[in-house]
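*Asks:* So I've got this file, run04.csv, and it contains CSV, C-alpha atoms (C1' of nucleotides):
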```csv
chain,number,residue,atom,x,y,z
A,805,MET,CA,1.5,24.8,-6.6
A,806,THR,CA,1.0,21.1,-6.8
A,807,ARG,CA,-2.0,19.7,-8.7
A,808,ARG,CA,-1.4,20.0,-12.4
A,809,HIS,CA,-3.5,16.8,-12.8
A,810,HIS,CA,-7.2,17.4,-12.6
A,811,VAL,CA,-8.8,14.6,-10.7
A,812,ASP,CA,-12.2,13.9,-12.1
A,813,GLU,CA,-14.9,11.6,-10.8
A,814,THR,CA,-13.5,8.6,-12.6
A,815,ASP,CA,-10.0,9.1,-11.3
A,816,LEU,CA,-11.4,9.4,-7.9
A,817,ARG,CA,-13.2,6.1,-8.2
A,818,ILE,CA,-10.0,4.5,-9.3
A,819,LEU,CA,-8.1,6.0,-6.4
A,820,LYS,CA,-10.6,4.9,-3.9
A,821,ARG,CA,-10.7,1.4,-5.3
A,822,LEU,CA,-7.0,1.0,-5.4
A,823,GLN,CA,-6.7,2.3,-1.9
A,824,LEU,CA,-8.9,-0.5,-0.8
A,825,ASP,CA,-7.1,-3.2,-2.7
A,826,ALA,CA,-3.9,-2.3,-4.7
A,827,ARG,CA,-3.6,-5.8,-6.2
A,828,LEU,CA,-7.0,-5.6,-7.9
A,829,SER,CA,-6.6,-6.8,-11.5
A,830,ASN,CA,-7.0,-4.1,-14.1
A,831,VAL,CA,-10.0,-5.9,-15.6
A,832,ARG,CA,-11.9,-5.9,-12.4
A,833,LEU,CA,-10.9,-2.4,-11.6
A,834,ALA,CA,-12.2,-1.3,-15.0
A,835,GLU,CA,-15.5,-3.0,-14.3
A,836,ASP,CA,-15.8,-1.3,-10.9
A,837,VAL,CA,-15.2,2.2,-12.3
A,838,HIS,CA,-17.2,1.6,-15.5
A,839,LEU,CA,-14.4,1.8,-18.0
A,840,SER,CA,-13.0,-0.5,-20.6
A,841,PRO,CA,-9.8,-2.2,-19.4
A,842,SER,CA,-7.6,-0.3,-21.9
A,843,ALA,CA,-9.0,3.1,-20.9
A,844,CYS,CA,-8.7,2.2,-17.2
A,845,LEU,CA,-5.1,1.0,-17.5
A,846,GLU,CA,-4.2,4.3,-19.3
A,847,ARG,CA,-5.7,6.3,-16.5
A,848,VAL,CA,-3.9,4.3,-13.8
A,849,LYS,CA,-0.6,4.8,-15.6
A,850,THR,CA,-1.2,8.5,-15.9
A,851,LEU,CA,-1.9,8.7,-12.2
A,852,GLU,CA,1.3,6.8,-11.5
A,853,LYS,CA,3.3,9.0,-13.9
A,854,ASP,CA,2.0,12.2,-12.5
A,855,GLY,CA,2.8,10.9,-9.0
A,856,LEU,CA,-0.6,11.0,-7.5
A,857,ILE,CA,-0.1,7.3,-6.9
A,858,ARG,CA,3.3,7.1,-5.4
A,859,ARG,CA,3.6,3.3,-4.8
A,860,TYR,CA,1.9,0.2,-3.8
A,861,LEU,CA,2.8,-1.4,-0.6
A,862,ALA,CA,1.9,-4.5,1.4
A,863,ASP,CA,0.4,-3.8,4.8
A,864,PHE,CA,1.7,-6.3,7.5
A,865,ASP,CA,0.4,-7.4,10.8
A,866,LEU,CA,3.8,-6.8,12.3
A,867,PRO,CA,3.2,-8.5,15.6
A,868,LYS,CA,2.6,-11.7,13.7
A,869,ILE,CA,6.0,-11.4,12.1
A,870,CYS,CA,8.3,-10.3,14.9
A,871,SER,CA,8.4,-8.7,18.3
A,872,PHE,CA,9.2,-5.0,18.5
A,873,VAL,CA,8.7,-1.8,20.4
A,874,MET,CA,7.1,1.2,18.7
A,875,LEU,CA,7.5,4.7,20.0
A,876,MET,CA,6.4,8.2,19.2
A,877,VAL,CA,9.3,10.6,19.9
A,878,GLU,CA,9.0,14.3,20.4
A,879,VAL,CA,12.1,16.2,19.5
A,880,ILE,CA,13.1,19.8,20.3
A,881,LEU,CA,16.2,21.2,18.6
A,882,GLU,CA,18.6,23.6,20.3
A,883,ASN,CA,18.5,26.1,17.5
A,884,HIS,CA,16.1,26.8,14.6
A,885,ARG,CA,18.3,28.0,11.8
A,886,GLU,CA,17.8,26.2,8.4
A,887,ALA,CA,21.1,24.4,8.9
A,888,ASP,CA,20.0,23.0,12.2
A,889,PHE,CA,16.9,21.4,10.7
A,890,ASP,CA,18.9,20.1,7.8
A,891,ARG,CA,21.6,18.6,10.0
A,892,PHE,CA,19.0,16.8,12.1
A,893,LEU,CA,17.0,15.5,9.2
A,894,ALA,CA,20.1,14.2,7.4
A,895,ALA,CA,21.0,12.2,10.4
A,896,ILE,CA,17.6,10.9,11.1
A,897,ARG,CA,17.0,9.8,7.5
A,898,LYS,CA,19.9,7.4,7.8
A,899,ARG,CA,18.3,5.6,10.8
A,900,GLU,CA,16.0,2.9,9.6
A,901,GLU,CA,14.4,2.8,13.0
A,902,VAL,CA,12.8,6.1,12.2
A,903,LEU,CA,9.8,5.1,10.2
A,904,GLU,CA,8.6,8.7,9.7
A,905,CYS,CA,9.4,12.1,10.8
A,906,LEU,CA,6.8,14.9,10.9
A,907,LYS,CA,7.6,18.6,11.3
A,908,ILE,CA,5.2,19.9,13.9
A,909,GLY,CA,3.9,23.3,14.8
A,910,GLY,CA,3.8,24.1,18.5
A,911,ARG,CA,6.2,23.7,21.3
A,912,ILE,CA,8.0,20.7,19.8
A,913,ASP,CA,9.8,20.6,16.5
A,914,TYR,CA,9.5,17.1,15.3
A,915,LEU,CA,7.4,14.0,16.0
A,916,MET,CA,8.9,10.8,14.9
A,917,ARG,CA,7.5,7.3,14.7
A,918,VAL,CA,10.3,4.9,15.7
A,919,ILE,CA,10.4,1.1,15.8
A,920,CYS,CA,13.0,-1.0,17.6
A,921,ARG,CA,13.5,-4.6,18.4
A,922,ASP,CA,13.4,-4.0,22.1
A,923,ILE,CA,14.1,-1.5,24.8
A,924,ASP,CA,17.9,-2.0,24.6
A,925,HIS,CA,17.7,-1.2,20.9
A,926,TYR,CA,15.8,2.0,21.7
A,927,ASN,CA,18.3,2.8,24.4
A,928,GLU,CA,21.0,2.7,21.7
A,929,LEU,CA,18.9,4.9,19.4
A,930,SER,CA,18.4,7.2,22.4
A,931,ASP,CA,22.1,7.6,22.8
A,932,PHE,CA,22.4,8.5,19.1
A,933,MET,CA,19.8,11.2,19.6
A,934,SER,CA,21.8,12.6,22.5
A,935,ARG,CA,25.0,13.0,20.5
A,936,GLY,CA,26.0,16.7,20.4
A,937,ASP,CA,26.4,16.9,16.7
A,938,LEU,CA,22.7,16.4,16.1
A,939,GLY,CA,21.6,19.6,17.7
A,940,VAL,CA,18.8,18.0,19.7
A,941,GLU,CA,18.0,20.0,22.9
A,942,LYS,CA,15.7,17.3,24.3
A,943,PHE,CA,13.5,14.5,23.2
A,944,HIS,CA,10.8,12.4,24.8
A,945,GLY,CA,9.7,9.0,23.7
A,946,HIS,CA,6.2,7.7,24.3
A,947,VAL,CA,5.8,3.9,24.0
A,948,VAL,CA,2.9,2.9,21.8
A,949,LEU,CA,0.9,0.5,23.9
A,950,ALA,CA,-1.7,-0.4,21.3
A,951,THR,CA,-2.9,0.6,17.9
A,952,ASP,CA,-6.6,1.2,18.6
A,953,LYS,CA,-7.4,2.4,15.1
A,954,ALA,CA,-5.0,1.6,12.3
A,955,PHE,CA,-4.6,3.6,9.1
A,956,GLU,CA,-6.7,2.1,6.3
A,957,GLY,CA,-6.6,4.9,3.7
A,958,TYR,CA,-7.6,8.5,3.3
A,959,PRO,CA,-11.3,9.5,3.5
A,960,LEU,CA,-11.1,11.0,-0.1
A,961,ASP,CA,-14.9,11.6,-0.2
A,962,LEU,CA,-14.8,13.6,3.0
A,963,LEU,CA,-11.8,15.6,1.8
A,964,ILE,CA,-12.9,16.3,-1.8
A,965,GLU,CA,-16.6,16.1,-2.1
A,966,PRO,CA,-17.8,19.4,-0.7
A,967,ARG,CA,-15.9,21.5,-3.3
A,968,GLY,CA,-17.6,24.9,-3.4
A,969,GLN,CA,-21.3,25.7,-4.0
A,970,PRO,CA,-22.3,26.4,-7.6
B,1039,MET,CA,0.8,-15.4,21.8
B,1040,THR,CA,0.7,-14.4,18.2
B,1041,ARG,CA,3.1,-16.0,15.7
B,1042,ARG,CA,1.9,-19.4,14.8
B,1043,HIS,CA,3.4,-19.0,11.4
B,1044,HIS,CA,7.1,-19.5,11.3
B,1045,VAL,CA,8.7,-16.9,9.0
B,1046,ASP,CA,11.7,-18.5,7.3
B,1047,GLU,CA,14.3,-16.8,5.1
B,1048,THR,CA,12.1,-17.2,2.0
B,1049,ASP,CA,9.0,-15.8,3.6
B,1050,LEU,CA,11.2,-12.8,4.7
B,1051,ARG,CA,12.4,-12.3,1.1
B,1052,ILE,CA,8.8,-12.3,-0.1
B,1053,LEU,CA,7.7,-9.9,2.6
B,1054,LYS,CA,10.5,-7.5,1.9
B,1055,ARG,CA,9.9,-7.6,-1.8
B,1056,LEU,CA,6.1,-7.1,-1.5
B,1057,GLN,CA,6.7,-4.2,0.9
B,1058,LEU,CA,8.7,-2.5,-1.8
B,1059,ASP,CA,6.2,-3.2,-4.6
B,1060,ALA,CA,2.9,-4.9,-3.8
B,1061,ARG,CA,1.9,-5.0,-7.5
B,1062,LEU,CA,4.8,-7.1,-8.5
B,1063,SER,CA,3.7,-10.0,-10.7
B,1064,ASN,CA,3.9,-13.4,-9.1
B,1065,VAL,CA,6.3,-14.5,-11.8
B,1066,ARG,CA,8.8,-11.8,-11.1
B,1067,LEU,CA,8.4,-12.1,-7.4
B,1068,ALA,CA,9.2,-15.8,-7.8
B,1069,GLU,CA,12.4,-15.0,-9.7
B,1070,ASP,CA,13.5,-12.5,-7.1
B,1071,VAL,CA,13.0,-15.0,-4.2
B,1072,HIS,CA,14.4,-18.0,-6.1
B,1073,LEU,CA,11.2,-20.0,-6.2
B,1074,SER,CA,9.0,-21.4,-9.0
B,1075,PRO,CA,5.8,-19.3,-9.6
B,1076,SER,CA,3.6,-22.0,-8.1
B,1077,ALA,CA,5.6,-22.4,-5.0
B,1078,CYS,CA,5.8,-18.7,-4.6
B,1079,LEU,CA,2.1,-18.1,-5.1
B,1080,GLU,CA,1.4,-20.8,-2.4
B,1081,ARG,CA,3.6,-19.0,0.1
B,1082,VAL,CA,2.0,-15.6,-0.6
B,1083,LYS,CA,-1.5,-17.0,-0.1
B,1084,THR,CA,-0.4,-18.6,3.1
B,1085,LEU,CA,1.0,-15.4,4.3
B,1086,GLU,CA,-2.3,-13.7,3.5
B,1087,LYS,CA,-4.4,-16.4,5.0
B,1088,ASP,CA,-2.4,-16.4,8.2
B,1089,GLY,CA,-2.8,-12.6,8.3
B,1090,LEU,CA,0.9,-11.7,8.2
B,1091,ILE,CA,0.0,-9.8,5.1
B,1092,ARG,CA,-3.1,-7.8,6.0
B,1093,ARG,CA,-3.8,-6.0,2.8
B,1094,TYR,CA,-2.3,-4.2,-0.2
B,1095,LEU,CA,-2.8,-0.5,-0.4
B,1096,ALA,CA,-2.0,2.3,-2.8
B,1097,ASP,CA,0.2,5.1,-1.4
B,1098,PHE,CA,-0.9,8.5,-2.6
B,1099,ASP,CA,0.8,11.8,-2.8
B,1100,LEU,CA,-2.1,13.4,-1.1
B,1101,PRO,CA,-1.2,17.1,-1.7
B,1102,LYS,CA,-1.4,16.3,-5.4
B,1103,ILE,CA,-4.9,15.1,-5.1
B,1104,CYS,CA,-6.5,17.6,-2.7
B,1105,SER,CA,-5.8,20.2,-0.1
B,1106,PHE,CA,-6.0,19.3,3.5
B,1107,VAL,CA,-4.7,19.9,7.0
B,1108,MET,CA,-3.1,17.1,9.0
B,1109,LEU,CA,-2.8,17.1,12.7
B,1110,MET,CA,-1.4,15.0,15.5
B,1111,VAL,CA,-3.8,15.3,18.4
B,1112,GLU,CA,-2.9,14.4,22.0
B,1113,VAL,CA,-5.8,13.3,24.1
B,1114,ILE,CA,-6.2,13.0,27.8
B,1115,LEU,CA,-9.3,11.3,29.2
B,1116,GLU,CA,-11.1,12.3,32.4
B,1117,ASN,CA,-11.1,8.8,33.8
B,1118,HIS,CA,-9.3,5.6,33.1
B,1119,ARG,CA,-11.8,2.9,33.7
B,1120,GLU,CA,-12.2,0.3,30.9
B,1121,ALA,CA,-15.6,1.8,30.0
B,1122,ASP,CA,-14.0,5.2,29.6
B,1123,PHE,CA,-11.5,3.9,27.0
B,1124,ASP,CA,-14.2,1.9,25.2
B,1125,ARG,CA,-16.6,4.9,25.0
B,1126,PHE,CA,-13.9,7.1,23.6
B,1127,LEU,CA,-12.7,4.6,21.0
B,1128,ALA,CA,-16.2,3.7,19.9
B,1129,ALA,CA,-16.8,7.4,19.2
B,1130,ILE,CA,-13.6,8.2,17.3
B,1131,ARG,CA,-13.7,5.0,15.3
B,1132,LYS,CA,-16.8,6.5,13.6
B,1133,ARG,CA,-14.9,9.6,12.6
B,1134,GLU,CA,-13.2,9.2,9.2
B,1135,GLU,CA,-11.1,12.2,10.0
B,1136,VAL,CA,-9.2,10.1,12.5
B,1137,LEU,CA,-6.8,8.1,10.4
B,1138,GLU,CA,-5.3,6.3,13.3
B,1139,CYS,CA,-5.3,6.3,17.0
B,1140,LEU,CA,-2.5,5.1,19.2
B,1141,LYS,CA,-2.7,4.3,22.9
B,1142,ILE,CA,0.3,5.9,24.5
B,1143,GLY,CA,2.2,5.4,27.7
B,1144,GLY,CA,3.0,8.5,29.6
B,1145,ARG,CA,1.2,11.6,30.6
B,1146,ILE,CA,-1.2,11.5,27.6
B,1147,ASP,CA,-3.6,8.7,26.8
B,1148,TYR,CA,-4.0,8.7,23.0
B,1149,LEU,CA,-2.2,10.2,20.1
B,1150,MET,CA,-4.4,10.5,17.0
B,1151,ARG,CA,-3.5,11.3,13.4
B,1152,VAL,CA,-6.3,13.4,12.0
B,1153,ILE,CA,-6.9,14.8,8.6
B,1154,CYS,CA,-9.3,17.6,7.7
B,1155,ARG,CA,-10.2,19.6,4.6
B,1156,ASP,CA,-9.3,22.9,6.4
B,1157,ILE,CA,-9.2,24.6,9.7
B,1158,ASP,CA,-13.0,25.0,9.8
B,1159,HIS,CA,-13.3,21.3,9.4
B,1160,TYR,CA,-10.9,20.7,12.2
B,1161,ASN,CA,-12.8,23.2,14.3
B,1162,GLU,CA,-15.9,21.1,13.8
B,1163,LEU,CA,-14.0,17.9,14.8
B,1164,SER,CA,-12.7,19.9,17.8
B,1165,ASP,CA,-16.2,20.6,18.9
B,1166,PHE,CA,-17.0,16.9,18.7
B,1167,MET,CA,-14.0,16.1,20.9
B,1168,SER,CA,-15.2,18.5,23.5
B,1169,ARG,CA,-18.7,17.0,23.8
B,1170,GLY,CA,-19.1,15.8,27.4
B,1171,ASP,CA,-20.2,12.3,26.5
B,1172,LEU,CA,-16.8,11.4,25.1
B,1173,GLY,CA,-15.1,11.7,28.4
B,1174,VAL,CA,-12.2,13.8,27.1
B,1175,GLU,CA,-10.5,15.9,29.7
B,1176,LYS,CA,-8.4,17.8,27.3
B,1177,PHE,CA,-6.7,17.5,24.0
B,1178,HIS,CA,-4.1,19.4,22.0
B,1179,GLY,CA,-3.7,19.4,18.3
B,1180,HIS,CA,-0.3,19.9,16.6
B,1181,VAL,CA,-0.5,20.9,12.9
B,1182,VAL,CA,1.7,18.8,10.7
B,1183,LEU,CA,3.8,21.3,8.8
B,1184,ALA,CA,5.7,18.9,6.7
B,1185,THR,CA,6.5,15.2,6.3
B,1186,ASP,CA,10.2,15.2,6.3
B,1187,LYS,CA,10.5,11.4,6.3
B,1188,ALA,CA,7.6,9.4,5.0
B,1189,PHE,CA,6.8,5.8,5.9
B,1190,GLU,CA,8.2,3.4,3.3
B,1191,GLY,CA,7.9,0.1,5.0
B,1192,TYR,CA,9.3,-1.6,8.1
B,1193,PRO,CA,13.0,-2.4,8.4
B,1194,LEU,CA,12.5,-6.1,8.7
B,1195,ASP,CA,16.2,-6.9,8.5
B,1196,LEU,CA,16.9,-4.7,11.4
B,1197,LEU,CA,14.0,-6.1,13.5
B,1198,ILE,CA,14.5,-9.8,12.8
B,1199,GLU,CA,18.1,-10.5,11.8
B,1200,PRO,CA,19.9,-10.5,15.1
B,1201,ARG,CA,17.9,-13.4,16.6
B,1202,GLY,CA,20.0,-14.9,19.4
B,1203,GLN,CA,23.5,-16.2,19.2
B,1204,PRO,CA,23.9,-19.9,18.4
C,814,DA,C1',-18.7,28.5,-38.4
C,815,DA,C1',-15.5,25.3,-40.2
C,816,DT,C1',-11.4,22.9,-39.6
C,817,DA,C1',-7.8,20.9,-37.2
C,818,DA,C1',-5.9,19.1,-33.2
C,819,DA,C1',-6.3,16.7,-29.0
C,820,DC,C1',-8.5,13.9,-26.0
C,821,DG,C1',-10.6,9.9,-24.1
C,822,DC,C1',-12.6,5.9,-25.1
C,823,DC,C1',-13.6,1.2,-27.2
C,824,DG,C1',-12.7,-3.5,-28.9
C,825,DA,C1',-9.6,-6.8,-30.8
C,826,DT,C1',-5.1,-8.9,-30.7
C,827,DG,C1',-0.7,-11.5,-29.4
C,828,DA,C1',2.1,-11.7,-25.4
C,829,DT,C1',2.3,-12.4,-20.7
C,830,DT,C1',0.6,-14.0,-16.4
C,831,DA,C1',-2.3,-16.5,-12.9
C,832,DT,C1',-3.7,-20.6,-11.1
C,833,DT,C1',-4.5,-25.4,-11.0
C,834,DC,C1',-2.9,-30.1,-11.2
C,835,DG,C1',-0.2,-34.1,-10.9
C,836,DG,C1',4.2,-35.8,-9.6
C,837,DT,C1',8.8,-35.9,-6.8
C,838,DA,C1',11.9,-35.6,-3.2
C,839,DA,C1',13.2,-34.5,1.4
C,840,DA,C1',11.9,-34.2,6.3
C,841,DC,C1',9.2,-36.1,10.0
C,842,DG,C1',7.1,-39.3,13.3
C,843,DG,C1',5.8,-43.6,15.1
D,191,DC,C1',11.4,-48.8,8.2
D,192,DC,C1',7.4,-47.1,6.2
D,193,DG,C1',3.5,-44.0,6.0
D,194,DT,C1',2.6,-39.0,6.3
D,195,DT,C1',3.4,-34.5,5.7
D,196,DT,C1',5.6,-30.7,3.6
D,197,DA,C1',7.5,-28.0,0.1
D,198,DC,C1',8.7,-27.8,-4.3
D,199,DC,C1',8.7,-28.1,-9.4
D,200,DG,C1',6.9,-28.1,-14.3
D,201,DA,C1',3.3,-28.3,-17.5
D,202,DA,C1',-1.2,-27.0,-19.1
D,203,DT,C1',-5.2,-24.0,-19.3
D,204,DA,C1',-7.7,-20.1,-18.2
D,205,DA,C1',-7.3,-15.3,-17.3
D,206,DT,C1',-5.1,-11.1,-17.7
D,207,DC,C1',-2.1,-7.5,-19.6
D,208,DA,C1',-0.8,-4.2,-22.8
D,209,DT,C1',-0.7,-2.5,-27.4
D,210,DC,C1',-2.9,-0.9,-31.5
D,211,DG,C1',-5.9,1.3,-34.8
D,212,DG,C1',-10.1,3.6,-35.1
D,213,DC,C1',-14.1,6.3,-33.5
D,214,DG,C1',-16.7,10.1,-31.5
D,215,DT,C1',-16.5,14.3,-28.7
D,216,DT,C1',-14.4,18.3,-27.1
D,217,DT,C1',-11.3,22.2,-27.6
D,218,DA,C1',-8.7,25.5,-30.0
D,219,DT,C1',-7.7,28.1,-33.9
D,220,DT,C1',-8.5,30.5,-37.9
```
Just give me the structure as structure tokens.
*Replies:*
Amino acid sequence: MTRRHHVDETDLRILKRLQLDARLSNVRLAEDVHLSPSACLERVKTLEKDGLIRRYLADFDLPKICSFVMLMVEVILENHREADFDRFLAAIRKREEVLECLKIGGRIDYLMRVICRDIDHYNELSDFMSRGDLGVEKFHGHVVLATDKAFEGYPLDLLIEPRGQP
Amino acid sequence: MTRRHHVDETDLRILKRLQLDARLSNVRLAEDVHLSPSACLERVKTLEKDGLIRRYLADFDLPKICSFVMLMVEVILENHREADFDRFLAAIRKREEVLECLKIGGRIDYLMRVICRDIDHYNELSDFMSRGDLGVEKFHGHVVLATDKAFEGYPLDLLIEPRGQP
DNA sequence: AATAAACGCCGATGATTATTCGGTAAACGG
DNA sequence: CCGTTTACCGAATAATCATCGGCGTTTATT
């Protein structure tokens, strides 16, 4: 099982705060979670070392930086042996256009988020997907027309708070 | 159009670097992009002010923090008038379980990433989706079994580099 | 119950960093 | 050609980081 690290109330406050602003200075973070800077820093480092905090990343408004086309691509493989999944994933991991790849339960196998410069670029990726050695039976790309709600962090309160009745 | 800010080579280096590690100190960032700390800081602040950098967020290994169920939910609305979209979006924006909502081209209208504590919790959200006043014709949730490739930043080089032939 | 070990915290410290402030040089525009 | 803008640098100060020893509480052990 995962979860060797027990997340207490203070850890949770730290996580929630860093999820809102990862560049917060340790001093202000410490204030917000009611700890001394040294104690706070120690906790953050532990959270990082134990891998609960994986990394800190900058969130871009990509349309302001460059033009692109984003797609959600459903993938169905020809066969479902372990080797078939591995082969597909190994290939997909090398393509930077594939931002993420989710294994899905249901009639499709994978759902991928893909980003390309333009339709020509996607067409090229599309050809790649069709190559026989990938084991893809069929795939279907949905163009993302708009992001009507963007990811802004996990609702930790909602996920954790109601933990059993004492 | 968006893009009033012209992103030059140096800006691009800054963005790429911050995308890898948002908590990088300004001094080290300046070294990496071959600028003085003051010049570098000024550029970063401009990038933030112009909104190219939206925010800095901590990336969690959520399974190490709590248990949950993630789903991708396809949504089809009954009608496609502007008011129908607005009504639906207003409702789902209030639900913290909906991490993001993408407007999709094709036979479905929206694709939502949803996170719940457990199946009971999703069942409850499911009931919410079925309420008549949301205008949802039908929806279909796919459980996310695994994240085989996780988002780790945009491939800026791939998106920007080949900009026209001089 | 007593002791020991471990834990988490605090506050003080020197080292590091952030941020501001002139000042300079190149690019731009009339 | 000259004033304006832009982007940069380097130095100085204010703020922060990050380490350390020490303290009190909890936990485990005997």
*Asks:* Near Val948 (chain A), counting only C-alpha atoms (C1' of nucleotides), which residues have an atom at most 8 Å away, once you skip same-chain residues fewer than 3 positions from it, shown as a PyMOL selection string?
*Replies:* (chain A and resi 873-876+951) or (chain B and resi 1140-1143)
*Asks:* Take CA of Ala862 (chain A) and CA of Arg1093 (chain B) and report the distance between them in Å, one decimal.
*Replies:*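 About the pair CA of Ala862 (chain A) and CA of Arg1093 (chain B): they are 6.1 Å apart.
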*Asks:* Identify, on the basis of all atoms listed in the file, every residue whose closest approach to Arg1125 (chain B) does not exceed 12 Å; exclude the query and any residue fewer than 2 positions from it along the same chain; express the result as a PyMOL selection string.
*Replies:* chain B and resi 1115-1123+1127-1132+1170-1174
*Asks:* For the residues in the current selection, export C-alpha atoms as a PDB file, keeping the file's coordinate frame.
*Replies:*
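What ended up in selection_24.pdb:
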```pdb
ATOM      1  CA  LEU B1115      -9.300  11.300  29.200  1.00  0.00           C
ATOM      2  CA  GLU B1116     -11.100  12.300  32.400  1.00  0.00           C
ATOM      3  CA  ASN B1117     -11.100   8.800  33.800  1.00  0.00           C
ATOM      4  CA  HIS B1118      -9.300   5.600  33.100  1.00  0.00           C
ATOM      5  CA  ARG B1119     -11.800   2.900  33.700  1.00  0.00           C
ATOM      6  CA  GLU B1120     -12.200   0.300  30.900  1.00  0.00           C
ATOM      7  CA  ALA B1121     -15.600   1.800  30.000  1.00  0.00           C
ATOM      8  CA  ASP B1122     -14.000   5.200  29.600  1.00  0.00           C
ATOM      9  CA  PHE B1123     -11.500   3.900  27.000  1.00  0.00           C
ATOM     10  CA  LEU B1127     -12.700   4.600  21.000  1.00  0.00           C
ATOM     11  CA  ALA B1128     -16.200   3.700  19.900  1.00  0.00           C
ATOM     12  CA  ALA B1129     -16.800   7.400  19.200  1.00  0.00           C
ATOM     13  CA  ILE B1130     -13.600   8.200  17.300  1.00  0.00           C
ATOM     14  CA  ARG B1131     -13.700   5.000  15.300  1.00  0.00           C
ATOM     15  CA  LYS B1132     -16.800   6.500  13.600  1.00  0.00           C
ATOM     16  CA  GLY B1170     -19.100  15.800  27.400  1.00  0.00           C
ATOM     17  CA  ASP B1171     -20.200  12.300  26.500  1.00  0.00           C
ATOM     18  CA  LEU B1172     -16.800  11.400  25.100  1.00  0.00           C
ATOM     19  CA  GLY B1173     -15.100  11.700  28.400  1.00  0.00           C
ATOM     20  CA  VAL B1174     -12.200  13.800  27.100  1.00  0.00           C
TER      21      VAL B1174
END
```
*Asks:* Can you measure CA of Leu1095 (chain B) to CA of Leu1163 (chain B) for me? One decimal in Å is fine.
*Replies:* 26.4 Å
*Asks:* Which value, in Å to one decimal, gives the distance between CA of Lys1054 (chain B) and CA of Ile1198 (chain B)?
*Replies:*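 Separation of CA of Lys1054 (chain B) and CA of Ile1198 (chain B): 11.8 Å.
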*Asks:* Show me, as a list in words, the residues that have an atom within 12 Å of region 838-840 of chain C when counting all atoms listed in the file, minus same-chain residues fewer than 3 positions from it.
*Replies:*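 The contact residues come out as DT194, DT195, DT196, DA197, DC198 and DC199 of chain D.
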*Asks:* Within 8 Å of region 215-219 of chain D, counting only C-alpha atoms (C1' of nucleotides), which residues show up once you throw out same-chain ones fewer than 3 positions away? Write them as a list in words, please.
*Replies:*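 Selected residues are DA817, DA818, DA819 and DC820 of chain C.
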*Asks:* Using all atoms listed in the file for the distances, tell me which of A:Val918, A:Val877, A:Ile857, A:Leu962 is nearest to chain B.
*Replies:*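 Of the candidates, the smallest distance to chain B is held by A:Ile857.
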*Asks:* Do me a favour and pick out the residues of chain A within 10 Å of chain D, using only C-alpha atoms (C1' of nucleotides), as number ranges by chain.
*Replies:* A: 829-831, 841-842, 845-846
*Asks:* Please build the interface table for chain C against chain B with a cut-off of 12 Å, listing for each qualifying residue the nearest atom pair and the distance in Å to one decimal; count only C-alpha atoms (C1' of nucleotides), order rows by chain and increasing number, and write it as a Markdown table.
*Replies:*
```
| residue | atom | partner | partner_atom | distance |
| --- | --- | --- | --- | --- |
| C:DT829 | C1' | B:Val1065 | CA | 10.0 |
| C:DT830 | C1' | B:Val1065 | CA | 7.3 |
| C:DA831 | C1' | B:Asn1064 | CA | 7.9 |
| C:DT832 | C1' | B:Ser1076 | CA | 8.0 |
| C:DT833 | C1' | B:Ser1076 | CA | 9.3 |
| C:DC834 | C1' | B:Ser1076 | CA | 10.8 |
```
*Asks:* Using all atoms listed in the file, which of the listed residues (A:Arg917, A:Arg817, A:Lys849, A:His946) sits closest to chain B?
*Replies:* A:His946
*Asks:* Please complete region 926-934 of chain A so it has N, CA and C atoms, and hand it over as a tab-separated table (two decimals), in the coordinates of the input.
*Replies:*
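The resulting file, result.tsv, is reproduced below:
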```tsv
chain	number	residue	atom	x	y	z
A	926	TYR	N	16.20	0.56	21.63
A	926	TYR	CA	15.80	2.00	21.70
A	926	TYR	C	16.77	2.78	22.54
A	927	ASN	N	17.31	2.15	23.54
A	927	ASN	CA	18.30	2.80	24.40
A	927	ASN	C	19.49	3.27	23.50
A	928	GLU	N	19.85	2.39	22.58
A	928	GLU	CA	21.00	2.70	21.70
A	928	GLU	C	20.59	3.88	20.76
A	929	LEU	N	19.40	3.83	20.23
A	929	LEU	CA	18.90	4.90	19.40
A	929	LEU	C	18.88	6.23	20.21
A	930	SER	N	18.47	6.07	21.43
A	930	SER	CA	18.40	7.20	22.40
A	930	SER	C	19.76	7.86	22.53
A	931	ASP	N	20.78	7.03	22.67
A	931	ASP	CA	22.10	7.60	22.80
A	931	ASP	C	22.51	8.34	21.52
A	932	PHE	N	22.11	7.78	20.40
A	932	PHE	CA	22.40	8.50	19.10
A	932	PHE	C	21.76	9.84	19.09
A	933	MET	N	20.54	9.92	19.57
A	933	MET	CA	19.80	11.20	19.60
A	933	MET	C	20.53	12.23	20.47
A	934	SER	N	21.18	11.73	21.48
A	934	SER	CA	21.80	12.60	22.50
A	934	SER	C	23.14	13.17	22.00
```
